[in-house]
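Here's the structure we're looking at; comments come further down.
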2 protein chains.
Amino acid sequence: MATDDRLGKRPERDEEAVARRDEEAAVRRDEEAVARFVERFAGELTQAGMQRMAARVFAALLVSEGAAMTAAELGGQLRISPAAVSGAVRYLTQVNMIGRERDPGSRRERYVLHEGMWYEVFTRRDEILNRWQKTLREGAETLGVDTAAGARIAETAEFFQFLHGELLQIMDRWREHKAATG
Amino acid sequence: MATDDRLGKRPERDEEAVARRDEEAAVRRDEEAVARFVERFAGELTQAGMQRMAARVFAALLVSEGAAMTAAELGGQLRISPAAVSGAVRYLTQVNMIGRERDPGSRRERYVLHEGMWYEVFTRRDEILNRWQKTLREGAETLGVDTAAGARIAETAEFFQFLHGELLQIMDRWREHKAATG
DNA sequence: GACTACTTTCACAAAATTCTGAAGTTAAGG
DNA sequence: CCTTAACTTCAGAATTTTGTGAAAGTAGTC
């Protein structure tokens, strides 16, 4: 009953076991508090510039016990249309934060949080910084390095280049850190 | 004539010298190429989530010879209303990227790029990461650290805490780097 | 202390974005 | 191959954001 409501449709045969586990987890979980957390964290990501629906889907996956959900589950839980789910997962797939799997012999897709997600996210950031750096170098050139503005822009470019190198190192260090403590 | 068009109004008496210097600089500058750079860089900042007008004003200041411009200059060059200038500089002031000065005995304000601008920007980023970290810790608690989801969220929180520490170090290193090479 | 140059605020029009229902597409299973 | 579950695309409604003109506010100057 509760499951039917949540998913809109009962899972089929061999997914019963999975459904039962999820249901048991749900009993222990304060679903209302979890939903609040999802919305809050998604809101913070949205404020930082992430698409709203993508942020909500991401947060929902983050709190899901298996780090994976189907489109129907996402739609049911977040109360959004299949179209909205589709758009969100397309974005998250593009930026390599999630992958899509399919239980063999099913037409349902499952969206799975990528393991190395943060690495992907920061690699992306890094590319952005690099693009800025390039644009700035060009700008410095058109202004002329002998002008105050040109020098200022060149320094900004250098700052981003510096960051670029540092970011890569940070990701390495995080992996070390995780290996050491986790 | 050209100056009149650009500023909408001729500068007064003791600013003549300044105007003449700017005009001379303008002769050397390929203003069209500079404008393209301004729009391009501003566009990139906008894509990354910065308000459009704030990004344009910032870019304009960046290419200005003195790292400073008046509202009239900004409005004239970017073709935007005084209201838009006001909104943009308010934002840039709030995030501590620019300051406002006033030539004594004038009612014109000059908006000046802050020296330690990037430090400010990254401090701000850092605060955002910290807010996320807090939210995530709370989330991990409501889910329970014994659950897979709880553990996953706790790890994410730890990642951001790690980044927090690293970011601060990076800014220090940048200052060193600048002192050493600049 | 009135005048006026400059800046800010505010209400609104325009533009962009976001989400939905519905139609279209794809592919699993008979 | 036909059926149908599941996903995607698309046109449009609703909301939000953005930038403007105009009015209001502020502070130098005479």
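By order of appearance in the structure tokens: chains A, B, ..., then residues from 1 within every chain, and ligands from 1 in the order shown.
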inquiry  = Select, as an MDAnalysis selection string, those residues of chain C with any atom no more than 9 Å from chain B (distances computed using only C-alpha atoms (C1' of nucleotides)).
reply    = chainID C and resid 5:9
Let me see the file: selected residues, C-alpha atoms (C1' of nucleotides), as a short mmCIF file (atom, residue, chain, number, x, y, z; two decimals), in the first residue's frame.
```cif
data_model
loop_
_atom_site.label_atom_id
_atom_site.label_comp_id
_atom_site.auth_asym_id
_atom_site.auth_seq_id
_atom_site.Cartn_x
_atom_site.Cartn_y
_atom_site.Cartn_z
"C1'" DA C 5 24.42 66.54 -10.37
"C1'" DC C 6 24.47 62.06 -9.32
"C1'" DT C 7 22.67 57.67 -7.43
"C1'" DT C 8 19.18 54.55 -5.87
"C1'" DT C 9 14.65 52.59 -5.70
#
```
key: Residue list for chain A near chain B as a PyMOL selection string, 9 Å, only C-alpha atoms   = chain A and resi 25+28-30+33-34+37-38+40-41+44-45+48-50+62-67+118+128+131-132+135-136+138-140+142-144+147-150+152-153+155-156+159+162-163+166+170+174+177-178+182
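Near chain B, within 8 Å and counting only C-alpha atoms (C1' of nucleotides), the residues of chain D are DG19, DT20, DA27 and DG28 of chain D.
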Dump N, CA and C atoms (P, O5', C5', C4', C3', O3' and C1' of nucleotides) for the selected residues as a PDB file, in the first residue's frame?
```pdb
ATOM      1  P    DG D  19      20.158  42.029 -17.277  1.00  0.00           P
ATOM      2  O5'  DG D  19      19.293  43.310 -17.633  1.00  0.00           O
ATOM      3  C5'  DG D  19      18.777  43.446 -18.957  1.00  0.00           C
ATOM      4  C4'  DG D  19      17.924  44.679 -19.017  1.00  0.00           C
ATOM      5  C3'  DG D  19      18.642  45.974 -18.635  1.00  0.00           C
ATOM      6  O3'  DG D  19      18.486  46.888 -19.715  1.00  0.00           O
ATOM      7  C1'  DG D  19      16.615  45.737 -17.404  1.00  0.00           C
ATOM      8  P    DT D  20      18.984  48.379 -19.628  1.00  0.00           P
ATOM      9  O5'  DT D  20      17.592  49.150 -19.515  1.00  0.00           O
ATOM     10  C5'  DT D  20      16.555  48.833 -20.441  1.00  0.00           C
ATOM     11  C4'  DT D  20      15.305  49.615 -20.092  1.00  0.00           C
ATOM     12  C3'  DT D  20      15.577  51.082 -19.810  1.00  0.00           C
ATOM     13  O3'  DT D  20      14.856  51.876 -20.744  1.00  0.00           O
ATOM     14  C1'  DT D  20      14.273  50.097 -18.043  1.00  0.00           C
ATOM     15  P    DA D  27      23.979  61.381   1.843  1.00  0.00           P
ATOM     16  O5'  DA D  27      24.906  62.415   1.087  1.00  0.00           O
ATOM     17  C5'  DA D  27      25.537  62.022  -0.125  1.00  0.00           C
ATOM     18  C4'  DA D  27      26.028  63.258  -0.827  1.00  0.00           C
ATOM     19  C3'  DA D  27      26.649  64.309   0.088  1.00  0.00           C
ATOM     20  O3'  DA D  27      27.642  64.986  -0.657  1.00  0.00           O
ATOM     21  C1'  DA D  27      24.942  65.291  -1.064  1.00  0.00           C
ATOM     22  P    DG D  28      29.078  65.178  -0.290  1.00  0.00           P
ATOM     23  O5'  DG D  28      29.704  65.417  -1.734  1.00  0.00           O
ATOM     24  C5'  DG D  28      30.515  66.545  -1.910  1.00  0.00           C
ATOM     25  C4'  DG D  28      29.942  67.367  -3.045  1.00  0.00           C
ATOM     26  C3'  DG D  28      30.499  68.793  -2.963  1.00  0.00           C
ATOM     27  O3'  DG D  28      30.968  69.143  -4.251  1.00  0.00           O
ATOM     28  C1'  DG D  28      28.137  68.842  -3.079  1.00  0.00           C
TER      29       DG D  28
END
```
query = In stretch 59-182 of chain B, what's strand (DSSP E) per DSSP? Answer as JSON, numbers by chain?
reply = {"B": [68, 69, 70, 98, 99, 100, 101, 102, 109, 110, 111, 112, 113]}
query = Where in stretch 8-176 of chain B does DSSP assign alpha helix (DSSP H), given as a PyMOL selection string?
reply = chain B and resi 16-28+31-47+52-63+71-78+82-94+117-143+148-176
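Sharing one sequence, chain B and chain A superpose at an RMSD of 0.2 Å, with all Cα atoms paired in order.
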task = Measure the distance from atom CA of B:Gly75 to atom CA of B:Phe58 in Å and round it to one decimal.
result = 12.6 Å
query = So how far away is atom CA of B:Gln161 from atom CA of A:Thr181, in Å?
reply = 13.7 Å
